[in-house]
file final21.cif (mmCIF, C-alpha atoms)
data_my_file
loop_
_atom_site.label_atom_id
_atom_site.label_comp_id
_atom_site.auth_asym_id
_atom_site.auth_seq_id
_atom_site.Cartn_x
_atom_site.Cartn_y
_atom_site.Cartn_z
CA PRO R 1 0.49 -34.31 -11.87
CA PRO R 2 3.47 -36.70 -12.05
CA THR R 3 1.83 -38.64 -14.89
CA LEU R 4 2.20 -35.55 -17.09
CA LEU R 5 5.91 -35.13 -16.36
CA PRO R 6 8.69 -36.65 -18.48
CA THR R 7 9.84 -39.96 -17.03
CA THR R 8 13.38 -38.61 -16.77
CA HIS R 9 12.34 -35.59 -14.68
CA PRO R 10 14.44 -35.66 -11.45
CA THR R 11 11.74 -33.97 -9.30
CA VAL R 12 9.06 -36.00 -7.52
CA LEU R 13 5.94 -33.88 -6.98
CA SER R 14 3.74 -34.48 -3.96
CA LEU R 15 0.15 -33.62 -4.82
CA PRO R 16 -0.75 -32.74 -1.20
CA LYS R 17 2.20 -30.32 -1.22
CA VAL R 18 1.04 -28.81 -4.51
CA CYS R 19 -2.43 -28.29 -3.04
CA SER R 20 -0.96 -26.73 0.11
CA VAL R 21 1.10 -24.25 -1.93
CA VAL R 22 -1.89 -23.30 -4.08
CA LEU R 23 -4.11 -22.79 -1.02
CA VAL R 24 -1.52 -20.43 0.50
CA TRP R 25 -1.34 -18.66 -2.86
CA LEU R 26 -5.11 -18.22 -2.87
CA ARG R 27 -5.09 -17.04 0.73
CA ASP R 28 -2.29 -14.46 0.58
CA PHE R 29 -1.83 -13.44 -3.06
CA TYR R 30 -5.14 -14.25 -4.69
CA ARG R 31 -5.12 -11.06 -6.79
CA ASP R 32 -2.76 -12.91 -9.15
CA PHE R 33 -5.84 -14.82 -10.26
CA ALA R 34 -7.36 -11.68 -11.74
CA ALA R 35 -5.49 -12.82 -14.86
CA PRO R 36 -8.13 -14.96 -16.66
CA GLY R 37 -5.57 -17.42 -17.97
CA LEU R 38 -4.23 -18.23 -14.51
CA ALA R 39 -7.71 -18.72 -13.05
CA ALA R 40 -8.66 -20.96 -15.99
CA THR R 41 -5.48 -23.01 -15.51
CA LEU R 42 -6.28 -23.60 -11.84
CA GLN R 43 -9.88 -24.49 -12.68
CA ALA R 44 -8.59 -27.03 -15.18
CA PHE R 45 -6.19 -28.36 -12.55
CA LEU R 46 -9.19 -28.85 -10.27
CA GLY R 47 -11.26 -30.46 -13.02
CA VAL R 48 -13.80 -27.63 -13.12
CA GLY R 49 -15.87 -27.25 -16.27
CA GLU R 50 -14.65 -28.62 -19.59
CA GLU R 51 -12.52 -31.68 -20.31
CA SER R 52 -9.28 -31.40 -18.36
CA PRO R 53 -6.05 -33.39 -18.80
CA TYR R 54 -5.58 -33.12 -15.02
CA ALA R 55 -8.97 -34.66 -14.34
CA ALA R 56 -8.29 -37.38 -16.88
CA ALA R 57 -4.98 -38.20 -15.19
CA ALA R 58 -6.78 -38.41 -11.85
CA GLY R 59 -9.31 -40.93 -13.15
CA GLU R 60 -12.33 -38.76 -12.27
CA PRO R 61 -15.84 -39.79 -13.38
CA GLY R 62 -16.27 -39.30 -17.09
CA HIS R 63 -12.55 -39.66 -17.79
CA ALA R 64 -10.34 -42.58 -18.62
CA SER R 65 -8.43 -43.80 -15.61
CA SER R 66 -4.64 -43.64 -15.61
CA ALA R 67 -2.47 -46.42 -14.28
CA GLY R 68 0.06 -44.03 -12.77
CA GLY R 69 0.65 -43.86 -9.05
CA GLY R 70 -0.15 -40.11 -9.15
CA SER R 71 -3.72 -41.02 -10.15
CA ARG R 72 -4.34 -42.94 -6.92
CA GLU R 73 -2.75 -40.12 -4.87
CA TRP R 74 -4.89 -37.49 -6.56
CA SER R 75 -8.06 -39.54 -6.13
CA SER R 76 -7.51 -39.53 -2.38
CA LEU R 77 -7.66 -35.73 -2.35
CA VAL R 78 -11.31 -35.28 -3.26
CA LEU R 79 -12.05 -33.27 -0.11
CA VAL R 80 -8.96 -31.09 -0.66
CA LYS R 81 -10.07 -30.41 -4.22
CA ASP R 82 -13.50 -29.41 -2.97
CA VAL R 83 -11.94 -26.95 -0.49
CA MET R 84 -9.75 -25.50 -3.23
CA ARG R 85 -12.75 -25.05 -5.52
CA ARG R 86 -14.67 -23.24 -2.77
CA VAL R 87 -11.71 -20.99 -1.95
CA LEU R 88 -11.16 -20.21 -5.62
CA ASP R 89 -14.83 -19.31 -6.09
CA ASP R 90 -14.67 -17.06 -3.02
CA ARG R 91 -11.52 -15.32 -4.27
CA LEU R 92 -12.92 -14.81 -7.77
CA ALA R 93 -16.01 -13.21 -6.20
CA LEU R 94 -13.75 -10.92 -4.15
CA LEU R 95 -11.84 -9.97 -7.29
CA ALA R 96 -15.10 -9.06 -9.03
CA GLY R 97 -15.93 -6.81 -6.09
CA HIS R 98 -12.48 -5.22 -6.23
CA ALA R 99 -12.85 -4.54 -9.95
CA ALA R 100 -16.14 -2.74 -9.34
CA TYR R 101 -14.58 -0.82 -6.43
CA ILE R 102 -11.70 0.63 -8.45
CA ALA R 103 -13.75 1.26 -11.59
CA PRO R 104 -13.98 4.96 -12.51
CA ALA R 105 -16.88 6.57 -10.68
CA PRO R 106 -19.63 8.14 -12.77
CA PRO R 107 -19.46 11.93 -12.99
CA ALA R 108 -21.07 13.75 -10.10
CA PRO R 109 -24.55 15.08 -10.87
CA PRO R 110 -24.76 18.81 -11.65
CA PRO R 111 -25.85 21.11 -8.83
CA ALA R 112 -29.54 21.79 -8.42
CA ALA R 113 -30.84 24.63 -10.55
CA ASP R 114 -32.00 26.57 -7.49
CA ALA R 115 -28.67 26.25 -5.67
CA PRO R 116 -27.36 29.81 -5.14
CA GLY R 117 -24.26 30.29 -7.18
CA GLY R 118 -24.27 26.67 -8.37
CA GLU R 119 -21.07 24.77 -7.82
CA ARG R 120 -19.18 27.87 -6.75
CA ALA R 121 -21.43 28.22 -3.71
CA PHE R 122 -19.61 25.37 -1.95
CA ARG R 123 -16.57 26.78 -0.25
CA LEU R 124 -14.16 24.60 1.60
CA LEU R 125 -15.00 26.05 5.00
CA GLN R 126 -18.63 25.07 4.47
CA LEU R 127 -17.73 21.40 4.15
CA SER R 128 -17.61 18.96 7.04
CA PRO R 129 -14.06 17.77 7.88
CA GLY R 130 -15.44 14.23 8.21
CA ASP R 131 -17.03 14.34 4.75
CA VAL R 132 -13.82 15.67 3.21
CA ALA R 133 -11.77 12.96 4.94
CA ARG R 134 -14.12 10.20 3.76
CA GLU R 135 -14.02 11.36 0.14
CA LEU R 136 -10.21 11.66 0.19
CA THR R 137 -10.00 8.22 1.79
CA LEU R 138 -12.18 6.67 -0.92
CA GLN R 139 -9.97 8.20 -3.61
CA ALA R 140 -6.76 6.97 -1.95
CA SER R 141 -8.18 3.51 -1.27
CA ARG R 142 -9.23 2.99 -4.89
CA LEU R 143 -5.78 4.04 -6.10
CA PHE R 144 -4.14 1.68 -3.58
CA PHE R 145 -6.37 -1.26 -4.56
CA ALA R 146 -5.38 -0.80 -8.21
CA VAL R 147 -1.66 -1.44 -7.53
CA PRO R 148 -0.62 -5.01 -8.48
CA TYR R 149 1.92 -7.02 -6.53
CA GLY R 150 4.58 -6.72 -9.22
CA GLU R 151 4.69 -2.94 -8.99
CA PHE R 152 5.45 -3.05 -5.26
CA LEU R 153 8.32 -5.47 -5.90
CA ALA R 154 9.66 -3.43 -8.84
CA CYS R 155 9.55 -0.22 -6.78
CA ALA R 156 11.40 -1.92 -3.94
CA ARG R 157 14.16 -2.88 -6.38
CA LEU R 158 14.35 0.75 -7.52
CA LEU R 159 14.55 1.95 -3.92
CA ALA R 160 17.35 -0.52 -3.17
CA ALA R 161 19.27 0.40 -6.33
CA HIS R 162 19.03 4.17 -5.83
CA ALA R 163 19.25 4.36 -2.04
CA PRO R 164 22.81 5.82 -2.07
CA GLU R 165 21.82 8.78 -4.25
CA LEU R 166 18.38 9.33 -2.69
CA GLY R 167 19.50 9.09 0.89
CA CYS R 168 18.18 6.74 3.53
CA PRO R 169 15.38 6.09 3.89
CA ALA R 170 14.51 6.62 0.24
CA ARG R 171 10.94 7.76 -0.38
CA LEU R 172 8.38 6.84 -2.99
CA ALA R 173 7.99 10.50 -4.00
CA ALA R 174 11.68 10.67 -4.90
CA LEU R 175 11.24 7.78 -7.35
CA GLU R 176 7.99 9.00 -8.87
CA HIS R 177 9.67 10.11 -12.13
CA ARG R 178 11.30 6.68 -12.50
CA ILE R 179 8.02 4.75 -12.26
CA PRO R 180 6.32 4.10 -15.65
CA PRO R 181 3.70 6.82 -16.37
CA ARG R 182 0.79 4.38 -16.65
CA ALA R 183 1.69 2.44 -13.49
CA ALA R 184 -0.94 2.37 -10.74
CA LEU R 185 1.75 2.99 -8.12
CA ARG R 186 2.70 6.24 -9.84
CA ALA R 187 -0.96 7.33 -9.81
CA LEU R 188 -1.03 6.65 -6.06
CA ALA R 189 2.13 8.71 -5.49
CA GLU R 190 0.82 11.55 -7.66
CA GLY R 191 -2.49 11.50 -5.78
CA ALA R 192 -0.76 11.91 -2.41
CA ARG R 193 1.43 14.73 -3.76
CA ARG R 194 -1.63 16.46 -5.21
CA VAL R 195 -3.43 16.32 -1.83
CA ALA R 196 -0.41 17.83 -0.06
CA ASN R 197 -0.16 20.64 -2.63
CA TRP R 198 -3.92 21.26 -2.46
CA VAL R 199 -3.81 21.67 1.33
CA ALA R 200 -1.00 24.21 1.10
CA SER R 201 -2.61 25.99 -1.88
CA ALA R 202 -6.00 26.31 -0.18
CA ILE R 203 -4.42 27.92 2.89
CA VAL R 204 -2.02 30.38 1.26
CA SER R 205 -4.52 31.40 -1.44
CA GLU R 206 -6.99 32.73 1.12
CA PRO R 207 -6.53 36.51 1.39
CA GLU R 208 -8.25 36.89 4.78
CA GLY R 209 -6.20 36.04 7.85
CA SER R 210 -9.17 34.74 9.84
CA ALA R 211 -10.08 32.36 6.99
CA ARG R 212 -6.50 31.06 6.84
CA VAL R 213 -6.66 30.33 10.56
CA ALA R 214 -9.96 28.50 10.09
CA LEU R 215 -8.51 26.48 7.18
CA ILE R 216 -5.51 25.37 9.22
CA ALA R 217 -7.87 24.16 11.95
CA LEU R 218 -10.12 22.45 9.37
CA PHE R 219 -7.25 20.53 7.77
CA LEU R 220 -6.01 19.38 11.18
CA ARG R 221 -9.48 17.94 11.74
CA VAL R 222 -9.44 16.34 8.29
CA ALA R 223 -6.11 14.69 9.17
CA ASP R 224 -7.52 13.47 12.48
CA HIS R 225 -10.55 11.96 10.71
CA CYS R 226 -8.18 10.24 8.23
CA HIS R 227 -6.36 8.74 11.20
CA GLN R 228 -9.63 7.43 12.63
CA LEU R 229 -10.50 5.99 9.20
CA ARG R 230 -7.07 4.27 9.09
CA ASP R 231 -6.12 6.20 5.93
CA PHE R 232 -2.46 6.77 6.76
CA SER R 233 -1.56 7.76 3.20
CA THR R 234 -3.91 10.77 3.15
CA LEU R 235 -3.07 11.54 6.78
CA ALA R 236 0.61 11.89 5.82
CA ALA R 237 -0.29 13.92 2.68
CA VAL R 238 -2.45 16.39 4.63
CA TRP R 239 0.26 16.67 7.28
CA ALA R 240 2.87 17.31 4.57
CA GLY R 241 0.74 20.17 3.25
CA LEU R 242 0.23 21.64 6.72
CA THR R 243 3.96 21.55 7.48
CA SER R 244 5.13 22.61 4.01
CA PRO R 245 7.54 25.58 3.72
CA ALA R 246 4.76 27.79 2.31
CA VAL R 247 2.39 27.19 5.23
CA ARG R 248 5.18 27.47 7.79
CA THR R 249 5.92 30.91 6.30
CA LEU R 250 2.48 31.98 7.57
CA ALA R 251 3.81 32.33 11.11
CA LYS R 252 1.06 34.66 12.32
CA SER R 253 -1.78 32.51 10.99
CA CYS R 254 -0.26 29.31 12.39
CA ALA R 255 0.29 30.89 15.81
CA GLU R 256 -3.27 32.22 15.84
CA ALA R 257 -4.68 28.81 14.92
CA LEU R 258 -2.77 27.08 17.71
CA ARG R 259 -4.19 29.41 20.33
CA ASP R 260 -7.34 27.29 20.29
CA PRO R 261 -6.84 24.47 22.85
CA GLU R 262 -8.58 21.83 20.69
CA THR R 263 -6.52 22.74 17.63
CA LEU R 264 -3.31 22.74 19.66
CA THR R 265 -4.12 19.28 21.06
CA LEU R 266 -4.76 17.93 17.55
CA TYR R 267 -1.52 19.45 16.29
CA ALA R 268 0.51 17.92 19.11
CA HIS R 269 -1.10 14.50 18.58
CA LEU R 270 -0.50 14.50 14.81
CA SER R 271 3.03 15.82 15.22
CA GLN R 272 3.86 12.91 17.52
CA LEU R 273 2.21 10.44 15.14
CA CYS R 274 3.63 11.65 11.82
CA GLY R 275 6.65 13.73 12.75
CA ALA R 276 8.19 16.02 10.19
CA ALA R 277 11.60 16.13 8.61
CA ALA R 278 13.13 19.18 6.99
CA GLY R 279 10.91 20.55 4.27
CA GLY R 280 7.70 19.27 5.83
CA GLU R 281 7.98 15.69 4.59
CA PRO R 282 6.35 13.19 6.98
CA ARG R 283 8.77 10.69 8.42
CA GLU R 284 8.24 7.25 9.85
CA THR R 285 7.74 7.12 13.59
CA GLY R 286 7.27 4.15 15.86
CA ALA R 287 3.73 5.34 16.63
CA LEU R 288 2.84 5.48 12.93
CA ARG R 289 4.17 2.00 12.19
CA ALA R 290 2.45 0.58 15.26
CA ALA R 291 -0.83 2.20 14.21
CA MET R 292 -0.61 0.62 10.74
CA GLN R 293 0.30 -2.82 12.10
CA ALA R 294 -2.66 -2.77 14.49
CA HIS R 295 -5.20 -2.90 11.65
CA GLU R 296 -5.37 -6.15 9.67
CA ASP R 297 -9.00 -7.17 9.17
CA VAL R 298 -10.48 -3.72 8.56
CA PRO R 299 -10.20 -1.23 5.66
CA CYS R 300 -6.89 0.63 5.73
CA VAL R 301 -4.75 2.69 3.36
CA PRO R 302 -1.14 2.37 4.62
CA LEU R 303 1.66 4.86 4.23
CA LEU R 304 3.82 2.97 1.75
CA ASP R 305 7.22 4.53 2.45
CA PRO R 306 8.15 2.40 5.51
CA LEU R 307 6.61 -0.75 4.02
CA LEU R 308 8.43 -0.36 0.69
CA ALA R 309 11.60 0.35 2.65
CA ASP R 310 11.17 -3.06 4.33
CA LEU R 311 10.98 -4.68 0.87
CA ALA R 312 14.02 -2.75 -0.33
CA ARG R 313 15.93 -3.76 2.80
CA VAL R 314 15.53 -7.43 1.84
CA HIS R 315 17.35 -6.75 -1.43
CA GLY R 316 20.08 -4.86 0.40
CA ASP R 317 20.53 -7.43 3.16
CA CYS R 318 20.53 -10.48 0.90
CA GLY R 319 22.72 -8.96 -1.80
CA ALA R 320 21.82 -11.84 -4.11
CA PRO R 321 19.72 -12.00 -7.29
CA ASP R 322 16.25 -13.50 -7.12
CA THR R 323 17.44 -16.62 -8.96
CA THR R 324 20.69 -18.55 -9.29
CA PRO R 325 22.58 -18.88 -12.61
CA GLN R 326 20.91 -22.29 -12.95
CA GLY R 327 17.47 -20.64 -12.79
CA LEU R 328 16.64 -21.84 -9.27
CA LEU R 329 14.84 -19.61 -6.78
CA HIS R 330 16.65 -18.21 -3.74
CA LEU R 331 14.09 -19.52 -1.26
CA SER R 332 15.34 -17.62 1.80
CA LYS R 333 15.18 -14.31 -0.07
CA ALA R 334 11.83 -15.19 -1.63
CA ARG R 335 10.35 -15.97 1.79
CA ARG R 336 11.54 -12.64 3.21
CA LEU R 337 10.17 -10.76 0.20
CA ALA R 338 6.83 -12.55 0.51
CA ALA R 339 6.59 -11.72 4.22
CA ALA R 340 7.37 -8.03 3.57
CA LEU R 341 4.96 -7.91 0.62
CA LYS R 342 2.13 -9.43 2.69
CA ARG R 343 2.45 -6.54 5.15
CA ILE R 344 1.37 -4.30 2.24
CA THR R 345 -1.10 -6.46 0.35
CA ARG R 346 -3.09 -7.58 3.41
CA HIS R 347 -4.58 -4.05 3.35
CA GLN R 348 -5.95 -4.67 -0.15
CA HIS R 349 -8.49 -7.21 1.15
CA TRP R 350 -10.97 -4.83 2.83
CA ARG R 351 -12.91 -2.07 1.10
CA TYR R 352 -14.51 1.09 2.48
CA ASN R 353 -18.27 1.48 2.17
CA PHE R 354 -19.15 5.12 2.74
CA PRO R 355 -22.42 6.77 1.75
CA PRO R 356 -21.86 9.12 -1.20
CA ALA R 357 -21.32 12.83 -0.61
CA PRO R 358 -21.81 14.33 -4.10
CA HIS R 359 -21.23 17.93 -3.03
CA VAL R 360 -17.81 17.01 -1.59
CA ALA R 361 -16.91 14.94 -4.64
CA ARG R 362 -17.80 17.87 -6.90
CA TYR R 363 -15.68 20.26 -4.85
CA LEU R 364 -12.67 17.92 -4.84
CA SER R 365 -12.96 17.10 -8.54
CA ASP R 366 -11.21 20.38 -9.45
CA PRO R 367 -9.00 21.46 -6.52
CA LEU R 368 -6.80 24.54 -6.61
CA VAL R 369 -3.17 23.39 -6.82
CA LEU R 370 -0.34 25.92 -7.14
CA GLU R 371 3.30 25.36 -8.03
CA PRO R 372 5.81 25.51 -5.12
CA ALA R 373 7.25 28.84 -6.29
CA GLN R 374 3.75 30.36 -6.43
CA LEU R 375 2.96 28.99 -2.98
CA LEU R 376 5.99 30.64 -1.39
CA ALA R 377 5.39 33.92 -3.19
CA ARG R 378 1.77 34.09 -2.01
CA ALA R 379 2.70 33.06 1.52
CA ARG R 380 5.29 35.86 1.75
CA ALA R 381 2.75 38.34 0.40
CA CYS R 382 0.21 37.27 3.04
CA GLU R 383 2.63 37.76 5.93
#
call {"tool": "encode", "arguments": {"input": "final21.cif", "output": "structure tokens"}}
result
Amino acid sequence: PPTLLPTTHPTVLSLPKVCSVVLVWLRDFYRDFAAPGLAATLQAFLGVGEESPYAAAAGEPGHASSAGGGSREWSSLVLVKDVMRRVLDDRLALLAGHAAYIAPAPPAPPPAADAPGGERAFRLLQLSPGDVARELTLQASRLFFAVPYGEFLACARLLAAHAPELGCPARLAALEHRIPPRAALRALAEGARRVANWVASAIVSEPEGSARVALIALFLRVADHCHQLRDFSTLAAVWAGLTSPAVRTLAKSCAEALRDPETLTLYAHLSQLCGAAAGGEPRETGALRAAMQAHEDVPCVPLLDPLLADLARVHGDCGAPDTTPQGLLHLSKARRLAAALKRITRHQHWRYNFPPAPHVARYLSDPLVLEPAQLLARARACE
């Protein structure tokens, strides 16, 4: 409030404008308030709970009234304060739900004693593609929800700084080693890479040709289910595994799998949606971006490469630091960054709510993942 500012301060604060900015903050970037200190500061600003210097300056009941003009302005905003309190309470409840959502899941229960062969009895071909897709989607969604805003912005700066050496468009996987080891964004990138390697490993490790054909068809169905679930991150990871050099080496198995009309239709649809660059990496297509933009108010796990590229493009286009030498904010750049960031963070508002599938979770808890050299060697041996 103005009454708390030095009398020589050149800036005149408008309390309605302050409230408007905070409401937008709570609407679009409320996860900032997961920090207890920030939430407590806003509660004090609103006069919630204990004695507050802001409430005292506003002349609220139980506080000494101030003679400043800001006091009268603030007193006229009782309804606005009530709205802000309600929105803050709603956002804090959402944050509590998010914290429970991304908390480590309890270990899966052991298999029943009378299950033949125990855990080993569950082979991948015995699992439902829909169940596998839902479990992979839950894992990806929890990793995505754990990424804070600052990590997206920091990664975009890295992409902009290293674009010349990485090529354009630069990909998150290419920067994985530059992201701090404990960062949530690195865990998300590692999770997608692990899924891609698991898909390729599961196919090339199968000694029987008919089983390899069945696995290729199964993973195409898993990718299609991920598309229906709006999990574009896992969709791209599964597609990267299916189009990896090791799997493409299995020319006979791939050709046999695509003889089935349903499998061929799925392959053509996913190829048009995801595309594939050299080396099997998924690339951005207009269909993929349009599919991600079409889902705002439903659970979704976006493919981050094109969205982070939008953030990095702001740095490249503006060519200016975030602040001036005088410490002032470049508002035009900040607005563009905020708009690009909202295209990512809007997907962190809606959670999936699938029934548990313990047998799938147990199977995926220890997937077979081979190194690239091993993958190619096994693929050549199979063909």
call {"tool": "atom_distance", "arguments": {"input": "final21.cif", "atom1": "atom CA of R:Glu262", "atom2": "atom CA of R:His225"}}
result
14.2 Å
call {"tool": "residues_near_point", "arguments": {"input": "final21.cif", "point": "(-5.2, -15.8, 7.8)", "cutoff": "12 Å", "atoms": "all atoms listed in the file", "output": "list of chain:residue names"}}
result
R:Leu23, R:Val24, R:Trp25, R:Leu26, R:Arg27, R:Asp28, R:Phe29, R:Glu296, R:Asp297, R:Lys342, R:Arg346, R:His349
call {"tool": "write_last_selection", "arguments": {"input": "final21.cif", "atoms": "C-alpha atoms", "output": "short mmCIF file (atom, residue, chain, number, x, y, z; two decimals), in the coordinates of the input"}}
result
data_model
loop_
_atom_site.label_atom_id
_atom_site.label_comp_id
_atom_site.auth_asym_id
_atom_site.auth_seq_id
_atom_site.Cartn_x
_atom_site.Cartn_y
_atom_site.Cartn_z
CA LEU R 23 -4.11 -22.79 -1.02
CA VAL R 24 -1.52 -20.43 0.50
CA TRP R 25 -1.34 -18.66 -2.86
CA LEU R 26 -5.11 -18.22 -2.87
CA ARG R 27 -5.09 -17.04 0.73
CA ASP R 28 -2.29 -14.46 0.58
CA PHE R 29 -1.83 -13.44 -3.06
CA GLU R 296 -5.37 -6.15 9.67
CA ASP R 297 -9.00 -7.17 9.17
CA LYS R 342 2.13 -9.43 2.69
CA ARG R 346 -3.09 -7.58 3.41
CA HIS R 349 -8.49 -7.21 1.15
#
call {"tool": "atom_distance", "arguments": {"input": "final21.cif", "atom1": "atom CA of R:His359", "atom2": "atom CA of R:Arg221"}}
result
18.9 Å
call {"tool": "closest_residue", "arguments": {"input": "final21.cif", "among": "R:Val369, R:Cys300, R:Leu127, R:Ala103", "to": "R:Phe232", "atoms": "all atoms listed in the file"}}
result
R:Cys300
call {"tool": "closest_residue", "arguments": {"input": "final21.cif", "among": "R:Leu375, R:Val298, R:Asp305, R:Val87", "to": "R:Leu175", "atoms": "only C-alpha atoms"}}
result
R:Asp305
call {"tool": "residues_around", "arguments": {"input": "final21.cif", "residues": "R:Leu172", "least_positions_apart": "2", "cutoff": "9 Å", "atoms": "only C-alpha atoms", "output": "PyMOL selection string"}}
result
chain R and resi 155+159+170+174-176+186+189+304-305+308
call {"tool": "resolve_selection", "arguments": {"input": "final21.cif", "expression": "the PyMOL selection byres ((chain R and resi 142) around 12)", "output": "VMD selection string"}}
result
chain R and resid 97 to 105 135 to 141 143 to 147 184 to 185 187 to 188 191 231 299 to 301 347 to 353
call {"tool": "closest_residue", "arguments": {"input": "final21.cif", "among": "R:Met292, R:Ala240, R:Ala223, R:Ala161", "to": "R:His269", "atoms": "all atoms listed in the file"}}
result
R:Ala223
call {"tool": "closest_residue", "arguments": {"input": "final21.cif", "among": "R:Ala379, R:Ala93, R:Ala357, R:Leu153", "to": "R:Ser244", "atoms": "only C-alpha atoms"}}
result
R:Ala379
call {"tool": "atom_distance", "arguments": {"input": "final21.cif", "atom1": "atom CA of R:Asp32", "atom2": "atom CA of R:Phe152"}}
result
13.4 Å
call {"tool": "resolve_selection", "arguments": {"input": "final21.cif", "expression": "the PyMOL selection byres ((chain R and resi 84) around 9)", "output": "short mmCIF file (atom, residue, chain, number, x, y, z; two decimals) with C-alpha atoms, in the frame of the given file"}}
result
data_model
loop_
_atom_site.label_atom_id
_atom_site.label_comp_id
_atom_site.auth_asym_id
_atom_site.auth_seq_id
_atom_site.Cartn_x
_atom_site.Cartn_y
_atom_site.Cartn_z
CA CYS R 19 -2.43 -28.29 -3.04
CA VAL R 22 -1.89 -23.30 -4.08
CA LEU R 23 -4.11 -22.79 -1.02
CA LEU R 26 -5.11 -18.22 -2.87
CA LEU R 46 -9.19 -28.85 -10.27
CA LEU R 79 -12.05 -33.27 -0.11
CA VAL R 80 -8.96 -31.09 -0.66
CA LYS R 81 -10.07 -30.41 -4.22
CA ASP R 82 -13.50 -29.41 -2.97
CA VAL R 83 -11.94 -26.95 -0.49
CA ARG R 85 -12.75 -25.05 -5.52
CA ARG R 86 -14.67 -23.24 -2.77
CA VAL R 87 -11.71 -20.99 -1.95
CA LEU R 88 -11.16 -20.21 -5.62
CA ASP R 89 -14.83 -19.31 -6.09
#
call {"tool": "residues_around", "arguments": {"input": "final21.cif", "residues": "R:Gln293", "least_positions_apart": "6", "cutoff": "10 Å", "atoms": "only C-alpha atoms", "output": "list of chain:residue names"}}
result
R:Ala287, R:Pro302, R:Arg343
call {"tool": "closest_residue", "arguments": {"input": "final21.cif", "among": "R:Val222, R:Leu38, R:Leu124, R:Ala338", "to": "R:Glu206", "atoms": "only C-alpha atoms"}}
result
R:Leu124
call {"tool": "closest_residue", "arguments": {"input": "final21.cif", "among": "R:Lys17, R:Ile179, R:Pro325, R:His315", "to": "R:Arg157", "atoms": "only C-alpha atoms"}}
result
R:His315
call {"tool": "decode", "arguments": {"input": "final21.cif", "residues": "stretch 221-234 of chain R", "atoms": "N, CA and C atoms", "output": "compact mmCIF listing (two decimals), in the first residue's frame"}}
result
# COMPACT_ATOMS: atom_id res chain seq x y z
N ARG R 221 -0.61 -49.87 -30.98
CA ARG R 221 -1.87 -49.66 -30.27
C ARG R 221 -1.67 -48.87 -28.98
N VAL R 222 -0.55 -49.11 -28.31
CA VAL R 222 -0.23 -48.32 -27.11
C VAL R 222 -0.10 -46.84 -27.50
N ALA R 223 0.62 -46.57 -28.61
CA ALA R 223 0.78 -45.19 -29.06
C ALA R 223 -0.57 -44.57 -29.41
N ASP R 224 -1.45 -45.34 -30.04
CA ASP R 224 -2.77 -44.81 -30.39
C ASP R 224 -3.58 -44.50 -29.14
N HIS R 225 -3.50 -45.36 -28.12
CA HIS R 225 -4.20 -45.09 -26.86
C HIS R 225 -3.63 -43.82 -26.20
N CYS R 226 -2.31 -43.64 -26.25
CA CYS R 226 -1.70 -42.43 -25.69
C CYS R 226 -2.23 -41.19 -26.40
N HIS R 227 -2.42 -41.29 -27.71
CA HIS R 227 -2.98 -40.17 -28.45
C HIS R 227 -4.40 -39.87 -27.97
N GLN R 228 -5.21 -40.90 -27.77
CA GLN R 228 -6.57 -40.70 -27.29
C GLN R 228 -6.59 -40.14 -25.87
N LEU R 229 -5.57 -40.48 -25.08
CA LEU R 229 -5.47 -39.95 -23.71
C LEU R 229 -4.83 -38.57 -23.67
N ARG R 230 -4.43 -38.04 -24.82
CA ARG R 230 -3.79 -36.73 -24.93
C ARG R 230 -2.42 -36.71 -24.23
N ASP R 231 -1.74 -37.85 -24.22
CA ASP R 231 -0.38 -37.94 -23.69
C ASP R 231 0.57 -37.92 -24.88
N PHE R 232 0.90 -36.70 -25.34
CA PHE R 232 1.71 -36.55 -26.54
C PHE R 232 3.19 -36.83 -26.26
N SER R 233 3.60 -36.70 -25.01
CA SER R 233 4.98 -36.99 -24.65
C SER R 233 5.27 -38.49 -24.80
N THR R 234 4.41 -39.34 -24.22
CA THR R 234 4.61 -40.78 -24.35
C THR R 234 4.34 -41.25 -25.77
